[in-house]
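Trainee: Pasting work-v3.txt below, which is compact mmCIF, C-alpha atoms (C1' of nucleotides).
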# COMPACT_ATOMS: atom_id res chain seq x y z
CA MET I 21 -140.12 151.88 -287.35
CA ASN I 22 -141.40 154.36 -289.90
CA TYR I 23 -140.15 157.87 -290.63
CA LYS I 24 -142.25 159.63 -288.02
CA GLU I 25 -141.41 157.18 -285.25
CA ALA I 26 -137.72 157.37 -286.08
CA LYS I 27 -137.75 161.15 -286.18
CA ASP I 28 -139.58 161.45 -282.86
CA LYS I 29 -137.29 158.91 -281.24
CA PHE I 30 -134.20 160.74 -282.41
CA ILE I 31 -135.48 164.13 -281.28
CA SER I 32 -136.51 162.95 -277.85
CA THR I 33 -133.30 160.96 -277.32
CA TRP I 34 -131.19 163.94 -278.31
CA GLY I 35 -133.20 166.12 -275.94
CA ALA I 36 -132.68 163.67 -273.09
CA LEU I 37 -128.94 163.41 -273.74
CA GLY I 38 -128.72 167.20 -273.72
CA THR I 39 -130.46 167.37 -270.35
CA LEU I 40 -128.00 164.85 -268.94
CA TRP I 41 -125.10 166.99 -270.12
CA GLY I 42 -126.42 170.33 -268.91
CA ILE I 43 -128.03 171.50 -272.15
CA ASN I 44 -131.66 172.40 -272.03
CA LYS I 45 -134.11 170.11 -273.71
CA ALA I 46 -135.61 172.63 -276.12
CA MET I 47 -132.19 173.66 -277.35
CA ALA I 48 -131.12 170.08 -277.97
CA GLN I 49 -134.40 169.22 -279.66
CA ILE I 50 -134.29 172.20 -281.98
CA HIS I 51 -130.80 171.14 -282.93
CA ALA I 52 -131.95 167.58 -283.56
CA LEU I 53 -134.83 168.77 -285.71
CA LEU I 54 -132.60 170.98 -287.86
CA TRP I 55 -129.93 168.29 -288.02
CA ILE I 56 -132.24 165.91 -289.86
CA SER I 57 -134.18 168.47 -291.84
CA PRO I 58 -133.28 168.57 -295.53
CA GLU I 59 -134.69 172.10 -295.80
CA PRO I 60 -134.24 175.27 -293.74
CA LEU I 61 -137.03 175.70 -291.19
CA SER I 62 -138.82 178.83 -290.06
CA MET I 63 -139.62 179.68 -286.48
CA GLU I 64 -143.22 178.66 -287.12
CA ASP I 65 -142.09 175.28 -288.40
CA ILE I 66 -140.02 174.64 -285.29
CA MET I 67 -142.71 175.83 -282.87
CA GLU I 68 -145.25 173.61 -284.51
CA GLU I 69 -143.09 170.53 -284.75
CA LEU I 70 -141.85 170.67 -281.14
CA HIS I 71 -144.90 172.32 -279.54
CA ILE I 72 -142.93 175.10 -277.94
CA SER I 73 -143.63 178.80 -277.70
CA ARG I 74 -142.31 181.55 -279.90
CA GLY I 75 -140.23 183.00 -277.07
CA ASN I 76 -138.65 179.71 -276.20
CA THR I 77 -137.85 179.00 -279.83
CA SER I 78 -136.30 182.41 -280.33
CA MET I 79 -134.12 182.20 -277.24
CA ASN I 80 -132.84 178.73 -277.96
CA LEU I 81 -132.15 179.45 -281.61
CA ARG I 82 -130.04 182.36 -280.49
CA GLN I 83 -128.09 180.09 -278.16
CA LEU I 84 -127.54 177.55 -280.92
CA MET I 85 -126.24 180.35 -283.13
CA ASP I 86 -123.96 181.53 -280.30
CA TRP I 87 -122.58 178.00 -280.19
CA GLY I 88 -121.90 178.29 -283.91
CA ILE I 89 -123.88 175.20 -284.88
CA VAL I 90 -127.04 176.79 -286.31
CA PHE I 91 -127.25 179.58 -288.87
CA LYS I 92 -129.83 182.02 -290.14
CA GLU I 93 -130.73 181.84 -293.76
CA SER I 94 -132.99 184.15 -295.71
CA LYS I 95 -134.87 183.05 -298.74
CA PRO I 96 -134.86 185.71 -301.46
CA GLY I 97 -138.13 187.58 -301.61
CA GLU I 98 -139.30 186.34 -298.19
CA ARG I 99 -139.25 188.40 -295.08
CA LYS I 100 -139.33 185.39 -292.78
CA GLU I 101 -136.06 183.99 -291.47
CA TYR I 102 -135.08 180.38 -291.86
CA PHE I 103 -132.66 178.30 -289.87
CA VAL I 104 -130.27 175.54 -290.81
CA SER I 105 -127.86 173.53 -288.71
CA GLU I 106 -124.26 172.78 -289.40
CA LYS I 107 -124.58 169.52 -291.32
CA ASP I 108 -121.07 168.13 -291.09
CA VAL I 109 -120.60 165.91 -288.06
CA GLN I 110 -116.88 166.69 -287.81
CA GLU I 111 -117.50 170.38 -287.85
CA LEU I 112 -120.24 169.95 -285.24
CA ALA I 113 -117.82 168.10 -282.96
CA ARG I 114 -115.11 170.71 -283.53
CA GLN I 115 -117.45 173.53 -282.72
CA VAL I 116 -118.87 171.95 -279.58
CA ALA I 117 -115.38 171.08 -278.33
CA LYS I 118 -114.18 174.59 -279.01
CA GLU I 119 -117.04 176.24 -277.17
CA ARG I 120 -116.97 173.91 -274.19
CA SER I 121 -113.26 174.53 -273.89
CA ARG I 122 -113.64 178.28 -274.05
CA ARG I 123 -116.63 178.57 -271.74
CA GLU I 124 -116.10 175.82 -269.23
CA ILE I 125 -112.69 174.19 -269.27
CA LYS I 126 -110.40 177.18 -269.60
CA PRO I 127 -111.92 179.04 -266.64
CA VAL I 128 -111.59 175.94 -264.48
CA ILE I 129 -107.98 175.48 -265.54
CA LYS I 130 -107.29 179.03 -264.49
CA VAL I 131 -108.70 178.39 -261.02
CA LEU I 132 -106.80 175.12 -260.72
CA ARG I 133 -103.57 176.90 -261.58
CA GLU I 134 -104.24 179.58 -258.98
CA VAL I 135 -105.25 177.14 -256.27
CA SER I 136 -102.46 174.66 -256.88
CA GLY I 137 -100.02 177.55 -256.96
CA ILE I 138 -100.50 178.71 -253.39
CA GLU I 139 -97.50 178.60 -251.13
CA GLY I 140 -97.09 175.54 -248.95
CA ASP I 141 -97.14 176.12 -245.20
CA GLY I 142 -95.81 172.71 -244.25
CA SER I 143 -99.20 171.43 -243.13
CA LYS I 144 -100.45 168.14 -244.42
CA LYS I 145 -103.77 169.50 -245.62
CA THR I 146 -102.14 172.27 -247.60
CA GLU I 147 -99.75 169.80 -249.20
CA GLU I 148 -102.67 167.57 -250.16
CA LEU I 149 -104.63 170.49 -251.63
CA ILE I 150 -101.65 171.49 -253.74
CA LYS I 151 -100.88 167.96 -254.86
CA GLN I 152 -104.43 167.04 -255.78
CA THR I 153 -105.35 170.26 -257.55
CA LYS I 154 -102.07 170.14 -259.45
CA ALA I 155 -102.94 166.66 -260.69
CA LEU I 156 -106.34 167.88 -261.88
CA TYR I 157 -104.71 170.90 -263.46
CA GLU I 158 -102.43 168.69 -265.50
CA LEU I 159 -105.23 166.39 -266.58
CA ALA I 160 -107.49 169.28 -267.57
CA ASN I 161 -104.66 170.95 -269.41
CA ASN I 162 -103.88 167.84 -271.43
CA ALA I 163 -107.52 167.32 -272.29
CA ASP I 164 -107.92 170.94 -273.27
CA THR I 165 -104.78 170.99 -275.38
CA MET I 166 -106.05 167.97 -277.22
CA MET I 167 -109.39 169.67 -277.77
CA ASN I 168 -107.65 172.67 -279.23
CA LYS I 169 -105.64 170.42 -281.51
CA ILE I 170 -108.89 169.01 -282.76
CA VAL I 171 -110.35 172.45 -283.23
CA ASN I 172 -107.42 173.72 -285.21
CA GLN I 173 -106.89 170.76 -287.48
CA GLU I 174 -108.61 169.99 -290.73
CA SER I 175 -111.99 168.59 -289.97
CA ASN I 176 -111.32 164.91 -290.40
CA TRP I 177 -108.27 164.91 -288.15
CA ILE I 178 -110.33 163.58 -285.29
CA THR I 179 -111.53 160.52 -287.16
CA LYS I 180 -108.10 159.71 -288.45
CA THR I 181 -106.63 160.14 -285.00
CA LEU I 182 -109.27 158.10 -283.25
CA MET I 183 -108.82 155.40 -285.85
CA LYS I 184 -105.11 155.27 -285.18
CA LEU I 185 -105.77 154.93 -281.46
CA ILE I 186 -108.37 152.27 -281.85
CA LYS I 187 -106.38 150.04 -284.14
CA MET R 14 -104.49 183.19 -251.23
CA ASN R 15 -104.28 181.19 -248.01
CA TYR R 16 -105.35 177.61 -247.40
CA LYS R 17 -108.96 178.36 -246.57
CA GLU R 18 -109.47 180.66 -249.52
CA ALA R 19 -107.89 178.16 -251.89
CA LYS R 20 -109.96 175.30 -250.52
CA ASP R 21 -113.22 177.24 -250.76
CA LYS R 22 -112.40 178.40 -254.26
CA PHE R 23 -111.64 174.88 -255.41
CA ILE R 24 -114.80 173.45 -253.87
CA SER R 25 -117.07 176.08 -255.31
CA THR R 26 -115.46 175.95 -258.74
CA TRP R 27 -115.78 172.19 -258.84
CA GLY R 28 -119.42 172.49 -257.82
CA ALA R 29 -120.08 175.02 -260.57
CA LEU R 30 -118.39 172.87 -263.20
CA GLY R 31 -120.47 169.91 -262.10
CA THR R 32 -123.67 171.92 -262.47
CA LEU R 33 -122.66 172.90 -266.00
CA TRP R 34 -122.17 169.23 -266.88
CA GLY R 35 -125.35 167.90 -265.35
CA ILE R 36 -123.94 166.84 -261.99
CA ASN R 37 -125.55 168.25 -258.93
CA LYS R 38 -123.66 170.78 -256.91
CA ALA R 39 -123.64 168.91 -253.61
CA MET R 40 -122.30 165.78 -255.26
CA ALA R 41 -119.50 167.66 -256.99
CA GLN R 42 -118.63 169.58 -253.84
CA ILE R 43 -118.50 166.48 -251.66
CA HIS R 44 -116.18 164.97 -254.21
CA ALA R 45 -114.00 168.08 -254.21
CA LEU R 46 -113.82 168.07 -250.43
CA LEU R 47 -112.78 164.42 -250.25
CA TRP R 48 -110.38 164.88 -253.17
CA ILE R 49 -108.25 167.34 -251.19
CA SER R 50 -108.72 165.84 -247.77
CA PRO R 51 -105.67 163.99 -246.46
CA GLU R 52 -107.86 162.05 -244.04
CA PRO R 53 -111.11 160.10 -244.40
CA LEU R 54 -114.11 162.23 -243.44
CA SER R 55 -117.27 161.27 -241.59
CA MET R 56 -120.74 162.31 -242.61
CA GLU R 57 -120.70 164.89 -239.83
CA ASP R 58 -117.47 166.36 -241.15
CA ILE R 59 -118.94 166.75 -244.62
CA MET R 60 -122.25 168.20 -243.43
CA GLU R 61 -120.44 170.73 -241.34
CA GLU R 62 -117.89 171.74 -243.93
CA LEU R 63 -120.41 172.19 -246.76
CA HIS R 64 -123.44 173.22 -244.71
CA ILE R 65 -125.70 170.57 -246.13
CA SER R 66 -128.18 168.26 -244.44
CA ARG R 67 -127.66 164.69 -243.39
CA GLY R 68 -130.08 163.41 -246.01
CA ASN R 69 -128.43 165.30 -248.81
CA THR R 70 -125.01 164.12 -247.73
CA SER R 71 -126.12 160.52 -247.51
CA MET R 72 -127.77 160.50 -250.93
CA ASN R 73 -124.89 162.14 -252.71
CA LEU R 74 -122.29 159.94 -251.06
CA ARG R 75 -124.21 156.96 -252.30
CA GLN R 76 -124.16 158.36 -255.82
CA LEU R 77 -120.43 159.00 -255.64
CA MET R 78 -119.95 155.41 -254.51
CA ASP R 79 -122.17 154.22 -257.39
CA TRP R 80 -119.87 156.12 -259.72
CA GLY R 81 -116.95 154.26 -258.15
CA ILE R 82 -115.00 157.36 -257.17
CA VAL R 83 -115.70 157.44 -253.43
CA PHE R 84 -115.35 154.60 -250.96
CA LYS R 85 -116.46 153.77 -247.45
CA GLU R 86 -113.82 153.18 -244.90
CA SER R 87 -114.26 152.05 -241.32
CA LYS R 88 -111.82 152.87 -238.59
CA PRO R 89 -111.23 149.94 -236.24
CA GLY R 90 -113.12 150.32 -233.00
CA GLU R 91 -115.36 153.08 -234.35
CA ARG R 92 -118.93 152.60 -235.38
CA LYS R 93 -119.03 155.69 -237.55
CA GLU R 94 -118.30 155.34 -241.25
CA TYR R 95 -115.69 157.37 -243.01
CA PHE R 96 -115.39 158.26 -246.66
CA VAL R 97 -112.41 158.66 -248.95
CA SER R 98 -112.23 159.54 -252.61
CA GLU R 99 -110.24 157.84 -255.29
CA LYS R 100 -107.02 159.81 -255.14
CA ASP R 101 -105.42 158.95 -258.45
CA VAL R 102 -106.36 161.40 -261.18
CA GLN R 103 -105.95 158.79 -263.92
CA GLU R 104 -108.18 156.36 -262.17
CA LEU R 105 -110.73 159.12 -261.58
CA ALA R 106 -110.76 159.91 -265.31
CA ARG R 107 -111.03 156.24 -266.21
CA GLN R 108 -113.92 155.71 -263.87
CA VAL R 109 -115.87 158.78 -264.98
CA ALA R 110 -115.33 157.89 -268.63
CA LYS R 111 -116.46 154.35 -268.00
CA GLU R 112 -119.63 155.35 -266.20
CA ARG R 113 -120.60 158.09 -268.64
CA SER R 114 -120.15 155.62 -271.46
CA ARG R 115 -122.24 152.97 -269.81
CA ARG R 116 -125.04 155.21 -268.62
CA GLU R 117 -125.29 157.85 -271.29
CA ILE R 118 -123.36 157.14 -274.47
CA LYS R 119 -124.15 153.47 -275.05
CA PRO R 120 -127.93 153.94 -274.80
CA VAL R 121 -127.76 156.83 -277.28
CA ILE R 122 -125.65 154.77 -279.67
CA LYS R 123 -128.27 152.07 -279.55
CA VAL R 124 -131.00 154.53 -280.52
CA LEU R 125 -128.84 156.01 -283.27
CA ARG R 126 -128.28 152.55 -284.69
CA GLU R 127 -132.00 151.81 -284.65
CA VAL R 128 -133.00 155.14 -286.14
CA SER R 129 -130.33 155.20 -288.83
CA GLY R 130 -131.21 151.62 -289.69
CA ILE R 131 -134.77 152.25 -290.82
CA GLU R 132 -135.61 151.40 -294.38
CA GLY R 133 -135.45 154.21 -296.91
CA ASP R 134 -138.69 155.09 -298.68
CA GLY R 135 -137.12 157.21 -301.39
CA SER R 136 -138.24 160.47 -299.80
CA LYS R 137 -135.72 163.22 -299.27
CA LYS R 138 -136.51 163.68 -295.58
CA THR R 139 -136.08 159.98 -294.84
CA GLU R 140 -132.76 159.94 -296.69
CA GLU R 141 -131.59 162.94 -294.68
CA LEU R 142 -132.65 161.37 -291.38
CA ILE R 143 -130.75 158.20 -292.21
CA LYS R 144 -127.65 160.03 -293.44
CA GLN R 145 -127.44 162.41 -290.50
CA THR R 146 -128.14 159.92 -287.74
CA LYS R 147 -125.67 157.50 -289.31
CA ALA R 148 -122.99 160.18 -289.17
CA LEU R 149 -123.73 160.79 -285.49
CA TYR R 150 -123.74 157.06 -284.88
CA GLU R 151 -120.26 156.73 -286.31
CA LEU R 152 -118.91 159.68 -284.35
CA ALA R 153 -120.43 158.45 -281.08
CA ASN R 154 -119.16 154.97 -281.73
CA ASN R 155 -115.61 156.16 -282.33
CA ALA R 156 -115.66 158.32 -279.24
CA ASP R 157 -117.07 155.50 -277.15
CA THR R 158 -114.58 152.96 -278.45
CA MET R 159 -111.79 155.33 -277.51
CA MET R 160 -113.28 155.75 -274.06
CA ASN R 161 -113.37 152.02 -273.59
CA LYS R 162 -109.76 151.78 -274.71
CA ILE R 163 -108.89 154.26 -272.02
CA VAL R 164 -110.89 152.36 -269.45
CA ASN R 165 -109.25 149.07 -270.21
CA GLN R 166 -105.66 150.22 -270.40
CA GLU R 167 -103.21 150.64 -267.60
CA SER R 168 -103.97 153.86 -265.86
CA ASN R 169 -101.36 156.11 -267.38
CA TRP R 170 -102.20 155.14 -270.95
CA ILE R 171 -104.27 158.25 -271.36
CA THR R 172 -101.46 160.62 -270.49
CA LYS R 173 -99.01 158.85 -272.71
CA THR R 174 -101.48 158.84 -275.56
CA LEU R 175 -102.47 162.45 -275.15
CA MET R 176 -98.80 163.37 -275.03
CA LYS R 177 -98.17 161.59 -278.29
CA LEU R 178 -101.05 163.44 -279.90
CA ILE R 179 -100.02 166.80 -278.60
CA LYS R 180 -96.42 166.58 -279.71
C1' DT E 27 -143.99 207.59 -293.20
C1' DT E 28 -146.78 203.86 -292.16
C1' DA E 29 -148.25 199.47 -291.24
C1' DA E 30 -147.79 194.68 -291.87
C1' DA E 31 -144.83 190.90 -290.95
C1' DC E 32 -141.91 189.33 -288.45
C1' DT E 33 -138.41 188.66 -284.05
C1' DT E 34 -136.88 189.60 -279.44
C1' DT E 35 -137.36 190.54 -274.71
C1' DC E 36 -138.82 189.77 -270.18
C1' DA E 37 -142.01 189.47 -266.14
C1' DA E 38 -144.93 186.01 -264.62
C1' DT E 39 -145.59 181.21 -264.05
C1' DA E 40 -144.82 176.35 -264.57
C1' DA E 41 -141.93 172.44 -264.31
C1' DT E 42 -138.10 170.32 -262.66
C1' DT E 43 -134.61 169.35 -259.58
C1' DA E 44 -132.36 169.64 -255.11
C1' DC E 45 -132.58 169.76 -250.17
C1' DT E 46 -134.29 169.24 -245.54
C1' DG E 47 -135.42 166.97 -241.36
C1' DA E 48 -137.60 163.61 -238.98
C1' DA E 49 -139.11 158.88 -238.92
C1' DA E 50 -137.77 154.36 -240.11
C1' DG E 51 -134.13 151.26 -240.64
C1' DT E 52 -129.63 149.03 -239.47
C1' DT E 53 -125.72 147.64 -236.92
C1' DT E 54 -123.14 146.60 -232.96
C1' DA E 55 -121.68 146.33 -228.13
C1' DA E 56 -122.98 144.84 -223.89
C1' DT Z 24 -132.55 141.22 -226.42
C1' DT Z 25 -132.00 145.97 -226.00
C1' DA Z 26 -130.65 150.44 -226.70
C1' DA Z 27 -127.32 153.58 -228.35
C1' DA Z 28 -125.08 155.15 -232.42
C1' DC Z 29 -125.29 155.56 -236.51
C1' DT Z 30 -127.37 155.67 -241.80
C1' DT Z 31 -131.06 155.72 -245.11
C1' DT Z 32 -135.38 156.98 -246.92
C1' DC Z 33 -138.86 159.96 -248.38
C1' DA Z 34 -142.75 163.35 -248.11
C1' DG Z 35 -142.80 168.08 -248.00
C1' DT Z 36 -140.65 172.31 -249.30
C1' DA Z 37 -137.29 175.34 -251.31
C1' DA Z 38 -134.48 176.72 -255.05
C1' DT Z 39 -133.46 176.66 -259.62
C1' DT Z 40 -134.30 176.45 -264.34
C1' DA Z 41 -137.32 176.45 -268.33
C1' DT Z 42 -141.31 178.15 -270.65
C1' DT Z 43 -144.99 181.09 -271.95
C1' DG Z 44 -147.24 184.92 -274.07
C1' DA Z 45 -147.86 189.47 -274.82
C1' DA Z 46 -145.66 193.90 -275.32
C1' DA Z 47 -141.86 196.12 -277.36
C1' DG Z 48 -138.73 196.19 -281.01
C1' DT Z 49 -137.18 195.73 -285.88
C1' DT Z 50 -137.34 195.44 -290.75
C1' DT Z 51 -139.15 196.11 -295.20
C1' DA Z 52 -142.38 197.09 -298.92
C1' DA Z 53 -145.25 200.35 -300.65
Before we go any further, please render this structure as structure tokens.
Mentor:
Amino acid sequence: MNYKEAKDKFISTWGALGTLWGINKAMAQIHALLWISPEPLSMEDIMEELHISRGNTSMNLRQLMDWGIVFKESKPGERKEYFVSEKDVQELARQVAKERSRREIKPVIKVLREVSGIEGDGSKKTEELIKQTKALYELANNADTMMNKIVNQESNWITKTLMKLIK
Amino acid sequence: MNYKEAKDKFISTWGALGTLWGINKAMAQIHALLWISPEPLSMEDIMEELHISRGNTSMNLRQLMDWGIVFKESKPGERKEYFVSEKDVQELARQVAKERSRREIKPVIKVLREVSGIEGDGSKKTEELIKQTKALYELANNADTMMNKIVNQESNWITKTLMKLIK
DNA sequence: TTAAACTTTCAATAATTACTGAAAGTTTAA
DNA sequence: TTAAACTTTCAGTAATTATTGAAAGTTTAA
């Protein structure tokens, strides 16, 4: 496998994984491209490399910046904007965990707390609803608390911790 | 919030979370419904409750069974089939982790190993590709190993472990 | 200021994914 | 066996999501 084959394989695999996890393909592929690029890339560069339109590129770059894993960079004396990705894998993981927690997990936890907190009426189905949503609430809460630990620790905490668990 | 409101809120929230994570809404909602149901439900029951077609119900039940989190149950003397979900939250987490690892993480790890294993040619871009995909490979590998630990431990290992980390 | 160089927005359209419903398939009781 | 009771499959369609491309917007150098 030469450079080009490896690059294309990585970009398309990353895109496919994204799709599977509810992230659109273009967004994941732009991230992949920047992740392995030793230099900042312009919008033109990205459009050309991935064969996607200007609009699509612009929108997905914005999303990646919202996620805090891609940044704008300007080269002195050039009007054009360049983009770079977060390059540290730990920081990438931290940032993704933080955003998924904030956007997706926390709101669900809130609903689970509300639902599992309704008053019992003695019926079997109400008891089951309360019991089962409470169990999910506790699981989600534990997972989320752990995520926040990760987010608020120094960046290699996760590796150290995982290592401890694995051993 | 009364029983019906709470039930509907839980089912729709679970469906929305599924969508966000690449799981189709009907599948997530059927799971939610079975999760809080004290009794096994028939296909008719599910169709009626969620307003979805027979075909949709059948296909998504099969997927839930493939994931190992919903089971068929037959009542003696009845021809109709009934469905129940795994009721233990730990076992649910174990099973989901196991399947996501097998279907999605392991194949990506394989690609990352291949891509990061290409021979360097001295160019900067090849070095960067190797370095960055190797970093992802190691992260994914750690995460996956942890998942497998979870999967192969007794079912409350995860809670105990998370608790230790959180404290 | 102006206009060139660039980015963003968004309505229209394409692509993908999910869902329906009816026909085909399966199982079981008689 | 047959036929009733049920489930699965799948071609067609609907709904959703992603993408384009051109117009509008922004920035900067002169």
Trainee: Taking all atoms listed in the file into account, name the residue in I:Trp87, I:Glu59, I:Lys100, I:Lys45 that is nearest to chain R.
Mentor: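 Under the stated criterion, the closest residue is I:Glu59.
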Trainee: So that I can check the surroundings of stretch 32-48 of chain Z, please list as a ChimeraX atom specification every protein, DNA and RNA residue that reaches within 12 Å of it, counting all atoms listed in the file and ignoring chain neighbours fewer than 3 positions away.
Mentor: /I:39,42-47,71-80 /R:32,37-38,67-69,71-72 /E:32-51
Trainee: Please identify all polymer residues lying at most 12 Å from the point (-106.9, 167.5, -260.1) (file coordinates), using only C-alpha atoms (C1' of nucleotides), and present the result as a PDB file with C-alpha atoms, in the coordinates of the input.
Mentor:
ATOM      1  CA  VAL I 128    -111.590 175.940-264.480  1.00  0.00           C
ATOM      2  CA  ILE I 129    -107.980 175.480-265.540  1.00  0.00           C
ATOM      3  CA  VAL I 131    -108.700 178.390-261.020  1.00  0.00           C
ATOM      4  CA  LEU I 132    -106.800 175.120-260.720  1.00  0.00           C
ATOM      5  CA  ARG I 133    -103.570 176.900-261.580  1.00  0.00           C
ATOM      6  CA  VAL I 135    -105.250 177.140-256.270  1.00  0.00           C
ATOM      7  CA  SER I 136    -102.460 174.660-256.880  1.00  0.00           C
ATOM      8  CA  GLU I 148    -102.670 167.570-250.160  1.00  0.00           C
ATOM      9  CA  LEU I 149    -104.630 170.490-251.630  1.00  0.00           C
ATOM     10  CA  ILE I 150    -101.650 171.490-253.740  1.00  0.00           C
ATOM     11  CA  LYS I 151    -100.880 167.960-254.860  1.00  0.00           C
ATOM     12  CA  GLN I 152    -104.430 167.040-255.780  1.00  0.00           C
ATOM     13  CA  THR I 153    -105.350 170.260-257.550  1.00  0.00           C
ATOM     14  CA  LYS I 154    -102.070 170.140-259.450  1.00  0.00           C
ATOM     15  CA  ALA I 155    -102.940 166.660-260.690  1.00  0.00           C
ATOM     16  CA  LEU I 156    -106.340 167.880-261.880  1.00  0.00           C
ATOM     17  CA  TYR I 157    -104.710 170.900-263.460  1.00  0.00           C
ATOM     18  CA  GLU I 158    -102.430 168.690-265.500  1.00  0.00           C
ATOM     19  CA  LEU I 159    -105.230 166.390-266.580  1.00  0.00           C
ATOM     20  CA  ALA I 160    -107.490 169.280-267.570  1.00  0.00           C
ATOM     21  CA  ASN I 161    -104.660 170.950-269.410  1.00  0.00           C
ATOM     22  CA  ASN I 162    -103.880 167.840-271.430  1.00  0.00           C
TER      23      ASN I 162
ATOM     24  CA  PHE R  23    -111.640 174.880-255.410  1.00  0.00           C
ATOM     25  CA  ILE R  24    -114.800 173.450-253.870  1.00  0.00           C
ATOM     26  CA  TRP R  27    -115.780 172.190-258.840  1.00  0.00           C
ATOM     27  CA  HIS R  44    -116.180 164.970-254.210  1.00  0.00           C
ATOM     28  CA  ALA R  45    -114.000 168.080-254.210  1.00  0.00           C
ATOM     29  CA  LEU R  46    -113.820 168.070-250.430  1.00  0.00           C
ATOM     30  CA  LEU R  47    -112.780 164.420-250.250  1.00  0.00           C
ATOM     31  CA  TRP R  48    -110.380 164.880-253.170  1.00  0.00           C
ATOM     32  CA  ILE R  49    -108.250 167.340-251.190  1.00  0.00           C
ATOM     33  CA  GLU R  99    -110.240 157.840-255.290  1.00  0.00           C
ATOM     34  CA  LYS R 100    -107.020 159.810-255.140  1.00  0.00           C
ATOM     35  CA  ASP R 101    -105.420 158.950-258.450  1.00  0.00           C
ATOM     36  CA  VAL R 102    -106.360 161.400-261.180  1.00  0.00           C
ATOM     37  CA  GLN R 103    -105.950 158.790-263.920  1.00  0.00           C
ATOM     38  CA  GLU R 104    -108.180 156.360-262.170  1.00  0.00           C
ATOM     39  CA  LEU R 105    -110.730 159.120-261.580  1.00  0.00           C
ATOM     40  CA  ALA R 106    -110.760 159.910-265.310  1.00  0.00           C
TER      41      ALA R 106
END
Trainee: If you count all atoms listed in the file, which residues fall within 12 Å of Z:DA52, apart from same-chain ones fewer than 5 positions away, as JSON, numbers by chain?
Mentor: {"I": [97, 98, 99], "E": [28, 29, 30, 31]}
Trainee: So how many Å separate atom CA of R:Ala29 and atom CA of I:Lys126, to one decimal?
Mentor: 13.4 Å
Trainee: Using all atoms listed in the file, find which residues of chain Z lie within 9 Å of chain R and jot them down as a ChimeraX atom specification.
Mentor: /Z:28-32
Trainee: At what distance in Å, to one decimal, does atom CA of R:Met160 lie from atom CA of I:Lys27?
Mentor: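 Atom-to-atom, atom CA of I:Lys27 to atom CA of R:Met160, that is 27.8 Å.
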Trainee: Please measure the separation of atom CA of I:Ile125 and atom CA of I:Asp164, giving the value in Å to one decimal.
Mentor: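 Separation between atom CA of I:Ile125 and atom CA of I:Asp164: 7.0 Å.
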Trainee: Just need the box for stretch 113-127 of chain I, edges along x, y and z, holding every atom the file lists for it with 4 Å tacked onto each side, so centre and edge lengths in Å to one decimal, as AutoDock Vina command-line options.
Mentor:
--center_x -114.6 --center_y 173.6 --center_z -275.1 --size_x 16.5 --size_y 18.9 --size_z 24.9
Trainee: Pick out the closest residue to I:Glu69 from this set: I:Arg120, I:Lys24, I:Lys169, I:Arg82. Count all atoms listed in the file.
Mentor: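 With all atoms listed in the file as the atom set, the closest residue is I:Lys24.
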Trainee: Of the residues I:Tyr102, I:Asn22, I:Gln49, I:Pro96, which is the one nearest to chain E, using only C-alpha atoms (C1' of nucleotides)?
Mentor: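 Comparing I:Tyr102, I:Asn22, I:Gln49, I:Pro96 against chain E, the winner is I:Tyr102.
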